[in-house]
$ cat coords.csv   # CSV, C-alpha atoms
chain,number,residue,atom,x,y,z
A,1,MET,CA,-56.9,-157.4,-119.6
A,2,PRO,CA,-58.5,-159.6,-122.2
A,3,LEU,CA,-61.9,-158.5,-123.4
A,4,GLY,CA,-65.2,-160.3,-123.5
A,5,LEU,CA,-67.4,-159.9,-126.6
A,6,TYR,CA,-71.2,-160.1,-126.5
A,7,ILE,CA,-73.2,-160.2,-129.8
A,8,SER,CA,-77.0,-159.8,-129.5
A,9,VAL,CA,-79.2,-161.6,-132.0
A,10,PRO,CA,-82.7,-160.3,-131.2
A,11,PHE,CA,-84.6,-162.8,-133.4
A,12,CYS,CA,-86.9,-165.6,-132.2
A,13,ARG,CA,-89.2,-168.2,-133.8
A,14,THR,CA,-91.9,-167.1,-131.2
A,15,LYS,CA,-92.0,-164.6,-128.4
A,16,CYS,CA,-92.3,-166.4,-125.1
A,17,SER,CA,-95.0,-164.8,-122.8
A,18,TYR,CA,-92.5,-164.4,-119.9
A,19,CYS,CA,-89.8,-162.8,-122.0
A,20,ASN,CA,-88.7,-159.2,-121.1
A,21,PHE,CA,-85.7,-159.0,-123.4
A,22,ALA,CA,-85.3,-156.8,-126.5
A,23,SER,CA,-86.2,-159.6,-128.9
A,24,GLY,CA,-89.0,-160.6,-131.1
A,25,VAL,CA,-90.3,-162.3,-134.3
A,26,PHE,CA,-89.1,-160.7,-137.5
A,27,SER,CA,-88.9,-161.6,-141.2
A,28,LYS,CA,-85.8,-163.4,-142.3
A,29,ALA,CA,-85.4,-160.7,-144.8
A,30,VAL,CA,-84.1,-158.5,-141.9
A,31,PHE,CA,-81.4,-161.0,-140.8
A,32,GLY,CA,-78.8,-160.3,-143.4
A,33,ARG,CA,-79.0,-156.5,-143.0
A,34,TYR,CA,-78.7,-156.9,-139.3
A,35,VAL,CA,-75.6,-159.1,-139.5
A,36,ASP,CA,-74.2,-156.5,-141.9
A,37,ARG,CA,-74.7,-153.8,-139.3
A,38,VAL,CA,-73.2,-155.8,-136.5
A,39,CYS,CA,-70.1,-156.7,-138.6
A,40,LEU,CA,-69.7,-153.0,-139.5
A,41,ASP,CA,-69.8,-152.0,-135.8
A,42,MET,CA,-67.1,-154.6,-135.1
A,43,GLU,CA,-65.0,-153.1,-137.9
A,44,ASN,CA,-65.4,-149.8,-136.2
A,45,ALA,CA,-64.9,-151.1,-132.7
A,46,HIS,CA,-61.7,-149.0,-132.0
A,47,TRP,CA,-63.5,-145.8,-133.1
A,48,ILE,CA,-66.6,-146.6,-131.0
A,49,ALA,CA,-64.4,-147.2,-127.9
A,50,GLU,CA,-62.5,-144.0,-128.5
A,51,GLU,CA,-65.7,-142.0,-128.9
A,52,MET,CA,-67.1,-143.5,-125.7
A,53,GLY,CA,-63.9,-142.7,-123.8
A,54,GLY,CA,-62.9,-146.3,-123.2
A,55,GLU,CA,-59.7,-148.4,-123.5
A,56,LEU,CA,-60.0,-151.2,-126.1
A,57,ASP,CA,-57.9,-154.4,-125.8
A,58,ARG,CA,-58.2,-156.4,-129.0
A,59,VAL,CA,-57.3,-159.6,-127.2
A,60,VAL,CA,-60.5,-161.6,-126.5
A,61,ASP,CA,-60.9,-164.6,-124.2
A,62,THR,CA,-64.7,-165.0,-124.1
A,63,ILE,CA,-67.4,-164.6,-126.8
A,64,TYR,CA,-71.1,-164.9,-126.1
A,65,LEU,CA,-73.9,-164.9,-128.7
A,66,GLY,CA,-77.2,-164.3,-127.0
A,67,GLY,CA,-80.6,-162.8,-127.7
A,68,GLY,CA,-83.1,-163.8,-128.9
A,69,THR,CA,-82.1,-167.0,-130.5
A,70,PRO,CA,-78.8,-166.8,-132.5
A,71,THR,CA,-79.5,-170.2,-134.1
A,72,VAL,CA,-82.4,-168.9,-136.1
A,73,LEU,CA,-79.8,-167.2,-138.3
A,74,ASP,CA,-78.7,-169.1,-141.4
A,75,PRO,CA,-75.4,-170.9,-140.9
A,76,ALA,CA,-73.7,-168.6,-143.4
A,77,GLU,CA,-74.8,-165.6,-141.3
A,78,LEU,CA,-73.5,-167.2,-138.1
A,79,GLN,CA,-70.2,-167.8,-139.9
A,80,ARG,CA,-70.0,-164.2,-141.0
A,81,ILE,CA,-70.3,-163.0,-137.4
A,82,PHE,CA,-67.4,-165.2,-136.3
A,83,GLN,CA,-65.3,-164.3,-139.3
A,84,ALA,CA,-65.8,-160.6,-138.5
A,85,ILE,CA,-64.7,-161.3,-134.9
A,86,GLY,CA,-61.6,-163.1,-136.1
A,87,SER,CA,-60.6,-160.4,-138.4
A,88,ARG,CA,-61.1,-157.5,-135.9
A,89,PHE,CA,-60.0,-159.1,-132.7
A,90,GLU,CA,-57.3,-161.5,-131.5
A,91,VAL,CA,-59.2,-164.5,-130.0
A,92,GLN,CA,-57.0,-166.4,-127.5
A,93,SER,CA,-56.5,-170.1,-127.9
A,94,GLY,CA,-58.8,-171.8,-125.4
A,95,ALA,CA,-61.3,-168.9,-125.4
A,96,GLU,CA,-64.7,-169.7,-124.1
A,97,ILE,CA,-67.2,-169.3,-127.0
A,98,THR,CA,-70.9,-169.6,-126.1
A,99,VAL,CA,-74.0,-169.6,-128.2
A,100,GLU,CA,-77.5,-169.6,-126.8
A,101,CYS,CA,-79.9,-172.0,-128.6
A,102,ALA,CA,-83.6,-172.7,-128.4
A,103,PRO,CA,-84.1,-176.5,-128.4
A,104,GLY,CA,-85.1,-177.7,-131.9
A,105,THR,CA,-83.2,-175.0,-133.8
A,106,LEU,CA,-80.0,-177.0,-134.0
A,107,THR,CA,-80.2,-178.3,-137.5
A,108,ARG,CA,-77.2,-180.3,-139.0
A,109,ALA,CA,-76.1,-177.2,-141.0
A,110,VAL,CA,-76.3,-174.9,-137.9
A,111,MET,CA,-74.4,-177.5,-135.8
A,112,ASP,CA,-71.7,-177.7,-138.5
A,113,SER,CA,-71.5,-173.9,-138.5
A,114,LEU,CA,-71.0,-173.7,-134.8
A,115,VAL,CA,-68.3,-176.4,-134.7
A,116,SER,CA,-66.4,-174.9,-137.6
A,117,SER,CA,-66.6,-171.5,-135.9
A,118,GLY,CA,-64.9,-172.8,-132.8
A,119,VAL,CA,-68.0,-172.8,-130.5
A,120,ASN,CA,-67.2,-174.8,-127.4
A,121,ARG,CA,-70.2,-174.0,-125.1
A,122,VAL,CA,-73.9,-174.0,-125.7
A,123,SER,CA,-76.7,-172.7,-123.5
A,124,LEU,CA,-80.1,-174.4,-124.2
A,125,GLY,CA,-83.3,-172.5,-123.2
A,126,LEU,CA,-85.0,-175.5,-121.6
A,127,GLN,CA,-87.1,-173.7,-118.9
A,128,SER,CA,-88.9,-176.9,-118.0
A,129,PHE,CA,-88.8,-180.6,-118.8
A,130,ILE,CA,-92.6,-180.7,-118.5
A,131,ASP,CA,-94.0,-180.2,-122.0
A,132,LYS,CA,-97.3,-178.7,-120.7
A,133,GLU,CA,-95.3,-176.0,-118.7
A,134,ALA,CA,-93.1,-175.2,-121.7
A,135,ALA,CA,-96.0,-174.9,-124.1
A,136,ALA,CA,-97.9,-172.7,-121.7
A,137,VAL,CA,-95.4,-169.9,-122.1
A,138,GLY,CA,-94.8,-170.3,-125.8
A,139,ARG,CA,-91.8,-172.6,-125.9
A,140,LEU,CA,-91.9,-174.8,-129.1
A,141,HIS,CA,-89.8,-177.7,-127.9
A,142,LYS,CA,-90.6,-181.0,-126.3
A,143,ARG,CA,-88.7,-183.0,-123.7
A,144,GLU,CA,-87.4,-185.4,-126.3
A,145,SER,CA,-86.1,-182.7,-128.5
A,146,VAL,CA,-84.0,-181.3,-125.7
A,147,LEU,CA,-82.5,-184.7,-125.0
A,148,GLU,CA,-81.8,-185.2,-128.7
A,149,ASP,CA,-80.0,-181.8,-128.9
A,150,ILE,CA,-77.8,-182.6,-125.9
A,151,ALA,CA,-76.8,-186.0,-127.5
A,152,ARG,CA,-76.1,-184.3,-130.8
A,153,LEU,CA,-74.0,-181.6,-129.2
A,154,ARG,CA,-71.9,-184.1,-127.4
A,155,ALA,CA,-71.5,-186.2,-130.5
A,156,ALA,CA,-70.2,-183.0,-132.3
A,157,GLY,CA,-67.6,-182.5,-129.5
A,158,ILE,CA,-69.5,-179.8,-127.5
A,159,SER,CA,-69.9,-181.1,-124.0
A,160,ASN,CA,-69.9,-177.8,-122.1
A,161,ILE,CA,-73.7,-177.4,-122.0
A,162,ASN,CA,-75.9,-175.2,-119.8
A,163,LEU,CA,-79.6,-175.7,-119.3
A,164,ASP,CA,-81.9,-172.9,-118.2
A,165,LEU,CA,-84.7,-173.5,-115.8
A,166,ILE,CA,-87.4,-171.1,-114.6
A,167,ALA,CA,-89.1,-171.5,-111.3
A,168,GLY,CA,-92.7,-170.1,-111.2
A,169,LEU,CA,-94.0,-171.0,-114.7
A,170,PRO,CA,-97.7,-171.6,-115.1
A,171,HIS,CA,-98.9,-175.0,-114.0
A,172,GLN,CA,-95.7,-175.7,-112.1
A,173,THR,CA,-95.9,-177.7,-108.9
A,174,LEU,CA,-93.4,-179.0,-106.4
A,175,GLU,CA,-93.7,-182.5,-108.0
A,176,SER,CA,-93.3,-181.2,-111.6
A,177,TRP,CA,-90.3,-179.1,-110.5
A,178,ARG,CA,-88.7,-182.1,-108.9
A,179,PHE,CA,-89.1,-184.0,-112.1
A,180,SER,CA,-87.4,-181.2,-114.1
A,181,LEU,CA,-84.5,-181.1,-111.7
A,182,GLU,CA,-84.1,-184.9,-111.8
A,183,GLU,CA,-84.1,-184.9,-115.6
A,184,VAL,CA,-81.5,-182.1,-115.7
A,185,ILE,CA,-79.3,-184.0,-113.3
A,186,ALA,CA,-79.7,-187.2,-115.3
A,187,THR,CA,-78.5,-185.5,-118.5
A,188,GLY,CA,-75.1,-184.9,-116.8
A,189,VAL,CA,-74.7,-181.4,-118.1
A,190,PRO,CA,-72.1,-179.4,-116.2
A,191,HIS,CA,-73.9,-176.1,-115.8
A,192,VAL,CA,-77.5,-175.1,-114.9
A,193,SER,CA,-79.1,-171.7,-114.6
A,194,VAL,CA,-82.1,-171.3,-112.4
A,195,TYR,CA,-84.2,-168.1,-112.6
A,196,MET,CA,-87.3,-167.1,-110.7
A,197,LEU,CA,-90.1,-165.8,-113.0
A,198,GLU,CA,-89.9,-162.0,-113.2
A,199,VAL,CA,-93.2,-160.2,-112.9
A,200,ASP,CA,-92.9,-156.7,-114.5
A,201,GLU,CA,-94.5,-154.6,-117.2
A,202,ASP,CA,-91.9,-155.7,-119.8
A,203,SER,CA,-93.5,-159.1,-120.6
A,204,ARG,CA,-97.0,-160.1,-121.6
A,205,LEU,CA,-97.3,-162.6,-118.8
A,206,GLY,CA,-96.0,-160.1,-116.2
A,207,ARG,CA,-98.5,-157.5,-117.3
A,208,GLU,CA,-101.3,-160.0,-117.1
A,209,LEU,CA,-100.3,-161.1,-113.6
A,210,MET,CA,-100.1,-157.5,-112.4
A,211,ALA,CA,-103.6,-157.0,-113.8
A,212,GLY,CA,-105.0,-160.1,-112.2
A,213,GLY,CA,-106.0,-161.6,-115.5
A,214,THR,CA,-106.1,-165.1,-117.0
A,215,LYS,CA,-104.5,-164.7,-120.4
A,216,TYR,CA,-101.2,-166.6,-121.0
A,217,HIS,CA,-102.2,-169.1,-118.2
A,218,ALA,CA,-101.5,-166.3,-115.7
A,219,HIS,CA,-104.0,-167.8,-113.2
A,220,PHE,CA,-101.9,-171.0,-113.1
A,221,VAL,CA,-98.7,-169.2,-112.0
A,222,PRO,CA,-97.5,-170.4,-108.6
A,223,ASP,CA,-97.6,-167.9,-105.8
A,224,ASP,CA,-94.5,-166.1,-104.5
A,225,ASP,CA,-94.0,-168.5,-101.6
A,226,LEU,CA,-94.1,-171.6,-103.8
A,227,THR,CA,-91.8,-170.0,-106.4
A,228,ALA,CA,-89.3,-169.2,-103.6
A,229,ASP,CA,-89.6,-172.8,-102.3
A,230,LEU,CA,-88.9,-174.1,-105.9
A,231,TYR,CA,-85.8,-171.9,-106.1
A,232,LEU,CA,-84.5,-173.1,-102.7
A,233,LEU,CA,-85.2,-176.8,-103.6
A,234,ALA,CA,-83.2,-176.3,-106.8
A,235,GLY,CA,-80.2,-175.1,-104.8
A,236,GLU,CA,-80.4,-178.0,-102.3
A,237,THR,CA,-80.8,-180.6,-105.1
A,238,LEU,CA,-78.1,-179.4,-107.4
A,239,ASN,CA,-75.6,-178.7,-104.7
A,240,ALA,CA,-76.1,-182.2,-103.3
A,241,THR,CA,-75.2,-183.7,-106.7
A,242,GLY,CA,-72.0,-181.7,-107.2
A,243,ILE,CA,-73.5,-178.9,-109.4
A,244,SER,CA,-72.6,-176.2,-106.9
A,245,GLN,CA,-74.1,-172.7,-106.7
A,246,TYR,CA,-71.5,-170.0,-107.5
A,247,GLU,CA,-73.9,-167.1,-108.3
A,248,ILE,CA,-77.5,-166.3,-107.4
A,249,SER,CA,-78.9,-168.0,-110.5
A,250,ASN,CA,-76.0,-170.2,-111.6
A,251,PHE,CA,-74.7,-173.7,-110.7
A,252,SER,CA,-71.9,-175.7,-112.1
A,253,GLN,CA,-69.5,-178.6,-111.7
A,254,PRO,CA,-66.0,-177.5,-110.8
A,255,GLY,CA,-64.3,-175.7,-113.6
A,256,PHE,CA,-67.4,-175.2,-115.7
A,257,GLU,CA,-68.4,-171.7,-114.4
A,258,SER,CA,-69.4,-169.3,-117.2
A,259,ARG,CA,-66.2,-167.4,-117.8
A,260,HIS,CA,-68.0,-164.8,-119.8
A,261,ASN,CA,-70.7,-164.0,-117.2
A,262,LEU,CA,-68.0,-163.9,-114.5
A,263,LYS,CA,-66.7,-160.8,-116.4
A,264,TYR,CA,-69.9,-159.0,-115.7
A,265,TRP,CA,-69.9,-159.9,-112.0
A,266,THR,CA,-66.2,-159.1,-111.4
A,267,ARG,CA,-66.2,-155.9,-113.5
A,268,GLN,CA,-63.9,-157.1,-116.2
A,269,PRO,CA,-64.1,-155.2,-119.6
A,270,TYR,CA,-66.6,-156.4,-122.2
A,271,LEU,CA,-67.8,-155.0,-125.5
A,272,GLY,CA,-71.3,-155.6,-126.9
A,273,PHE,CA,-72.7,-155.5,-130.4
A,274,GLY,CA,-76.2,-155.5,-131.7
A,275,VAL,CA,-79.6,-154.5,-130.3
A,276,ASP,CA,-79.6,-153.6,-126.6
A,277,ALA,CA,-76.0,-154.7,-126.2
A,278,HIS,CA,-74.1,-153.3,-123.1
A,279,SER,CA,-70.4,-152.6,-122.7
A,280,MET,CA,-68.0,-151.7,-120.0
A,281,LEU,CA,-64.5,-150.5,-120.7
A,282,ARG,CA,-61.8,-149.0,-118.5
A,283,THR,CA,-61.1,-145.4,-119.1
A,284,TYR,CA,-58.1,-143.1,-118.8
A,285,ALA,CA,-60.2,-140.3,-117.4
A,286,CYS,CA,-58.9,-139.2,-114.0
A,287,ASP,CA,-62.3,-138.6,-112.5
A,288,SER,CA,-63.9,-142.0,-113.4
A,289,ASP,CA,-63.3,-145.7,-113.0
A,290,ALA,CA,-64.9,-147.0,-116.2
A,291,VAL,CA,-67.4,-146.1,-118.9
A,292,ARG,CA,-70.6,-148.0,-119.6
A,293,PHE,CA,-72.6,-147.7,-122.8
A,294,SER,CA,-75.4,-149.5,-124.5
A,295,THR,CA,-77.0,-149.6,-128.0
A,296,PRO,CA,-80.7,-148.8,-128.6
A,297,ASP,CA,-83.1,-151.5,-127.4
A,298,SER,CA,-85.3,-151.5,-130.6
A,299,LEU,CA,-84.3,-153.0,-133.9
A,300,GLU,CA,-85.5,-149.9,-135.8
A,301,ASP,CA,-83.4,-147.5,-133.7
A,302,PHE,CA,-80.4,-149.8,-133.9
A,303,MET,CA,-80.6,-150.2,-137.7
A,304,SER,CA,-80.9,-146.4,-138.1
A,305,ALA,CA,-77.7,-145.9,-136.1
A,306,LYS,CA,-79.1,-144.0,-133.2
A,307,PRO,CA,-76.3,-143.2,-130.7
A,308,ALA,CA,-75.4,-145.3,-127.7
A,309,ALA,CA,-76.4,-144.3,-124.2
A,310,ARG,CA,-73.2,-143.5,-122.2
A,311,THR,CA,-72.6,-143.4,-118.5
A,312,ILE,CA,-69.4,-142.5,-116.7
A,313,VAL,CA,-68.7,-144.7,-113.7
A,314,THR,CA,-67.5,-142.5,-110.8
A,315,ASP,CA,-65.4,-143.9,-108.0
A,316,LEU,CA,-68.5,-144.0,-105.8
A,317,ALA,CA,-70.5,-145.8,-108.5
A,318,ALA,CA,-67.6,-148.3,-108.9
A,319,LEU,CA,-67.8,-149.1,-105.2
A,320,GLU,CA,-71.6,-149.7,-105.4
A,321,GLU,CA,-71.0,-151.9,-108.5
A,322,ARG,CA,-68.3,-153.9,-106.7
A,323,LEU,CA,-70.9,-154.5,-103.9
A,324,PHE,CA,-74.0,-155.4,-105.7
A,325,LEU,CA,-72.3,-157.4,-108.5
A,326,GLY,CA,-69.8,-159.1,-106.1
A,327,LEU,CA,-72.6,-160.1,-103.8
A,328,ARG,CA,-74.3,-162.0,-106.6
A,329,LEU,CA,-71.4,-164.5,-106.3
A,330,ASN,CA,-71.3,-167.1,-103.5
A,331,ARG,CA,-67.7,-166.0,-102.7
A,332,GLY,CA,-69.0,-162.6,-101.7
A,333,VAL,CA,-67.1,-159.3,-101.3
A,334,ASN,CA,-63.9,-158.8,-99.3
A,335,LEU,CA,-64.6,-155.8,-97.1
A,336,GLU,CA,-61.0,-155.5,-96.1
A,337,ARG,CA,-59.9,-154.8,-99.6
A,338,LEU,CA,-62.5,-152.1,-100.0
A,339,ARG,CA,-61.2,-150.3,-96.9
A,340,VAL,CA,-57.8,-149.9,-98.6
A,341,HIS,CA,-59.3,-148.0,-101.7
A,342,TRP,CA,-62.1,-145.9,-100.3
A,343,HIS,CA,-62.4,-143.0,-97.9
A,344,ARG,CA,-62.9,-144.1,-94.3
A,345,ALA,CA,-66.2,-142.1,-94.0
A,346,THR,CA,-67.5,-143.8,-97.1
A,347,ILE,CA,-66.7,-147.2,-95.6
A,348,GLU,CA,-68.4,-146.1,-92.3
A,349,SER,CA,-71.5,-145.2,-94.3
A,350,LEU,CA,-71.3,-148.7,-96.0
A,351,GLU,CA,-71.0,-150.4,-92.6
A,352,ARG,CA,-74.1,-148.8,-91.3
A,353,ILE,CA,-76.0,-150.2,-94.3
A,354,LEU,CA,-74.4,-153.6,-93.8
A,355,THR,CA,-75.4,-153.7,-90.1
A,356,LYS,CA,-79.0,-153.1,-91.1
A,357,LEU,CA,-78.9,-155.8,-93.8
A,358,THR,CA,-77.3,-158.2,-91.3
A,359,GLU,CA,-80.2,-157.5,-88.8
A,360,MET,CA,-82.6,-158.3,-91.6
A,361,ASP,CA,-80.9,-161.6,-92.2
A,362,LEU,CA,-80.1,-160.6,-95.8
A,363,ILE,CA,-76.3,-160.8,-95.5
A,364,TYR,CA,-73.7,-162.3,-93.1
A,365,GLN,CA,-70.1,-161.5,-92.5
A,366,ASN,CA,-67.3,-164.0,-92.0
A,367,GLY,CA,-63.6,-163.3,-91.8
A,368,GLY,CA,-63.9,-159.9,-93.4
A,369,THR,CA,-66.1,-161.2,-96.3
A,370,ILE,CA,-69.7,-160.3,-96.8
A,371,ARG,CA,-72.1,-162.7,-98.5
A,372,LEU,CA,-75.8,-163.0,-99.1
A,373,THR,CA,-77.8,-165.4,-96.9
A,374,ASP,CA,-80.3,-167.8,-98.5
A,375,ARG,CA,-83.0,-165.2,-97.7
A,376,GLY,CA,-80.8,-162.5,-99.2
A,377,ARG,CA,-80.6,-164.4,-102.5
A,378,LEU,CA,-84.4,-164.5,-102.6
A,379,LEU,CA,-84.6,-160.8,-101.8
A,380,SER,CA,-81.4,-159.7,-103.6
A,381,ASN,CA,-83.0,-156.6,-105.2
A,382,GLU,CA,-83.8,-155.3,-101.7
A,383,VAL,CA,-80.1,-155.7,-100.8
A,384,PHE,CA,-78.9,-154.0,-103.9
A,385,VAL,CA,-81.3,-151.0,-103.6
A,386,ARG,CA,-80.1,-150.4,-100.1
A,387,LEU,CA,-76.5,-150.5,-101.2
A,388,LEU,CA,-77.1,-147.7,-103.6
A,389,GLY,CA,-77.7,-145.4,-100.7
A,390,LEU,CA,-73.9,-144.8,-100.0
A,391,GLN,CA,-72.9,-141.2,-99.3
A,392,ALA,CA,-70.4,-139.6,-101.7
A,393,LEU,CA,-67.5,-138.3,-99.6
A,394,PRO,CA,-64.2,-136.7,-100.6
A,395,SER,CA,-61.0,-138.8,-100.5
$ encode --input "coords.csv" --output "structure tokens"
Amino acid sequence: MPLGLYISVPFCRTKCSYCNFASGVFSKAVFGRYVDRVCLDMENAHWIAEEMGGELDRVVDTIYLGGGTPTVLDPAELQRIFQAIGSRFEVQSGAEITVECAPGTLTRAVMDSLVSSGVNRVSLGLQSFIDKEAAAVGRLHKRESVLEDIARLRAAGISNINLDLIAGLPHQTLESWRFSLEEVIATGVPHVSVYMLEVDEDSRLGRELMAGGTKYHAHFVPDDDLTADLYLLAGETLNATGISQYEISNFSQPGFESRHNLKYWTRQPYLGFGVDAHSMLRTYACDSDAVRFSTPDSLEDFMSAKPAARTIVTDLAALEERLFLGLRLNRGVNLERLRVHWHRATIESLERILTKLTEMDLIYQNGGTIRLTDRGRLLSNEVFVRLLGLQALPS
């Protein structure tokens, strides 16, 4: 099965207050050494896979550069990454090649580098079309710069564009959210990602909200009910215009679903390089379904070659993954197919959990397929935690 490649570029011009990713602001002096290390790991990909106990297919049909902001790298450094990919892997004709970009970082030289490297999909970190909302969380772009970037991408031949939106930003209202949605639709982009603001200890804004403080405009963050309403409104609005929801946070026109991200949700193999990059490969081991491993989540640890964290995916864990990853997708999970592969007592344990989730209006079943309800999408973490309660039973 063809492989998906993920390359992490953990560098940003500024650290957004809501960001809980392993990224930050670093001196450009680090960039070249980082690219050296990533390219070296790609050169050693076969050995890394073997050490982790995974099967490596060198045929690649999706590539994704994320972060961070990959487009803060010099064009020559971007090209080095793509050249390393081309020399170590067999990239299929028609492969989906995505790069995440912060609006305003697409200089002419960077754009030329992307086009010459075969990039055919770009994800722009918009978050909001309201300048005040974007600025409140540390975004450096303006509405006009986003529109200019979209026009320049299309002029360069890249029309497969995603725009990210976040529901729940400081100062956001129902009216301002409607404006952002209308502006997104007016651009005609074929893919939109809609996330609800995450409140946890891994971001400055999250910590401030949990402490009840006012830094980072925390006291202007909408409450949970309004944030949920904004998310539901996005779904209604986008679906009505032909940008249909296919995953909890993702909407697209027909044929423009993210092929790379679908690998994650359907448990296809992928290999990650760089800081906090995750991988999943099939394994020959008779007592496991796959192996997952991840690189260190700090730049210092990654550059000093600290070992990857490794997890063997047991048969029971594989079932749990099929459930909580598959339920992210609107098409849901075919329960009848699961019955064929897992012990009857395990399926009975699952059905007890599903019955409770149905009573809670978090899932529904139709024709042997289970799917999240609208309420279930809002409370998906509750669903997934409950699904991790399956009993391990002999086959």
$ closest_residue --input "coords.csv" --among "A:Tyr364, A:Phe220, A:Phe89, A:Phe251" --to "A:Leu327" --atoms "all atoms listed in the file"
A:Tyr364
$ closest_residue --input "coords.csv" --among "A:Leu169, A:Leu65, A:Val60, A:Cys12" --to "A:Phe26" --atoms "only C-alpha atoms"
A:Cys12
$ closest_residue --input "coords.csv" --among "A:Met210, A:Glu100, A:Ala156, A:Met303" --to "A:Gly32" --atoms "all atoms listed in the file"
A:Met303
$ residues_near_point --input "coords.csv" --point "(-78.9, -164.4, -129.0)" --cutoff "8 Å" --atoms "only C-alpha atoms" --output "mmCIF file with C-alpha atoms, in the frame of the given file"
data_model
loop_
_atom_site.group_PDB
_atom_site.id
_atom_site.type_symbol
_atom_site.label_atom_id
_atom_site.label_comp_id
_atom_site.auth_asym_id
_atom_site.auth_seq_id
_atom_site.Cartn_x
_atom_site.Cartn_y
_atom_site.Cartn_z
ATOM 1 C CA ILE A 7 -73.200 -160.200 -129.800
ATOM 2 C CA SER A 8 -77.000 -159.800 -129.500
ATOM 3 C CA VAL A 9 -79.200 -161.600 -132.000
ATOM 4 C CA PRO A 10 -82.700 -160.300 -131.200
ATOM 5 C CA PHE A 11 -84.600 -162.800 -133.400
ATOM 6 C CA LEU A 65 -73.900 -164.900 -128.700
ATOM 7 C CA GLY A 66 -77.200 -164.300 -127.000
ATOM 8 C CA GLY A 67 -80.600 -162.800 -127.700
ATOM 9 C CA GLY A 68 -83.100 -163.800 -128.900
ATOM 10 C CA THR A 69 -82.100 -167.000 -130.500
ATOM 11 C CA PRO A 70 -78.800 -166.800 -132.500
ATOM 12 C CA THR A 71 -79.500 -170.200 -134.100
ATOM 13 C CA VAL A 99 -74.000 -169.600 -128.200
ATOM 14 C CA GLU A 100 -77.500 -169.600 -126.800
ATOM 15 C CA CYS A 101 -79.900 -172.000 -128.600
#
$ atom_distance --input "coords.csv" --atom1 "atom CA of A:Leu140" --atom2 "atom CA of A:Leu126"
10.2 Å
$ closest_residue --input "coords.csv" --among "A:His219, A:Leu181, A:Gly212, A:Leu372" --to "A:Thr241" --atoms "only C-alpha atoms"
A:Leu181
$ closest_residue --input "coords.csv" --among "A:Glu236, A:Glu133, A:Asp297, A:Asp289" --to "A:Leu319" --atoms "all atoms listed in the file"
A:Asp289
$ closest_residue --input "coords.csv" --among "A:Cys19, A:Asn261, A:Pro222, A:Ile243" --to "A:Ile97" --atoms "all atoms listed in the file"
A:Asn261
$ residues_around --input "coords.csv" --residues "A:Arg178" --least-positions-apart "4" --cutoff "9 Å" --atoms "all atoms listed in the file" --output "VMD selection string"
chain A and resid 173 to 174 182 to 183 230 233 to 234 237
$ residues_near_point --input "coords.csv" --point "(-66.5, -159.5, -114.3)" --cutoff "12 Å" --atoms "only C-alpha atoms" --output "PyMOL selection string"
chain A and resi 1-4+62+258-270+279-281+321-322+325-326+328-329
$ atom_distance --input "coords.csv" --atom1 "atom CA of A:Gln83" --atom2 "atom CA of A:Met111"
16.4 Å
$ atom_distance --input "coords.csv" --atom1 "atom CA of A:Glu43" --atom2 "atom CA of A:Arg88"
6.2 Å
$ residues_around --input "coords.csv" --residues "A:Gly367" --least-positions-apart "2" --cutoff "10 Å" --atoms "only C-alpha atoms" --output "PDB file with C-alpha atoms, in the coordinates of the input"
ATOM      1  CA  ASN A 334     -63.900-158.800 -99.300  1.00  0.00           C
ATOM      2  CA  LEU A 335     -64.600-155.800 -97.100  1.00  0.00           C
ATOM      3  CA  GLU A 336     -61.000-155.500 -96.100  1.00  0.00           C
ATOM      4  CA  GLN A 365     -70.100-161.500 -92.500  1.00  0.00           C
ATOM      5  CA  THR A 369     -66.100-161.200 -96.300  1.00  0.00           C
ATOM      6  CA  ILE A 370     -69.700-160.300 -96.800  1.00  0.00           C
TER       7      ILE A 370
END
$ residues_around --input "coords.csv" --residues "A:Asn20" --least-positions-apart "4" --cutoff "10 Å" --atoms "all atoms listed in the file" --output "VMD selection string"
chain A and resid 15 to 16 198 to 206
$ write_last_selection --input "coords.csv" --atoms "C-alpha atoms" --output "PDB file, in the frame of the given file"
ATOM      1  CA  LYS A  15     -92.000-164.600-128.400  1.00  0.00           C
ATOM      2  CA  CYS A  16     -92.300-166.400-125.100  1.00  0.00           C
ATOM      3  CA  GLU A 198     -89.900-162.000-113.200  1.00  0.00           C
ATOM      4  CA  VAL A 199     -93.200-160.200-112.900  1.00  0.00           C
ATOM      5  CA  ASP A 200     -92.900-156.700-114.500  1.00  0.00           C
ATOM      6  CA  GLU A 201     -94.500-154.600-117.200  1.00  0.00           C
ATOM      7  CA  ASP A 202     -91.900-155.700-119.800  1.00  0.00           C
ATOM      8  CA  SER A 203     -93.500-159.100-120.600  1.00  0.00           C
ATOM      9  CA  ARG A 204     -97.000-160.100-121.600  1.00  0.00           C
ATOM     10  CA  LEU A 205     -97.300-162.600-118.800  1.00  0.00           C
ATOM     11  CA  GLY A 206     -96.000-160.100-116.200  1.00  0.00           C
TER      12      GLY A 206
END
$ residues_around --input "coords.csv" --residues "A:Arg154" --least-positions-apart "6" --cutoff "12 Å" --atoms "only C-alpha atoms" --output "NGL selection string"
:A and (111 or 115 or 120-122 or 147-148 or 160-161 or 187-189)
$ residues_around --input "coords.csv" --residues "A:Glu50" --least-positions-apart "2" --cutoff "12 Å" --atoms "all atoms listed in the file" --output "number ranges by chain"
A: 44-48, 52-57, 281-285, 291
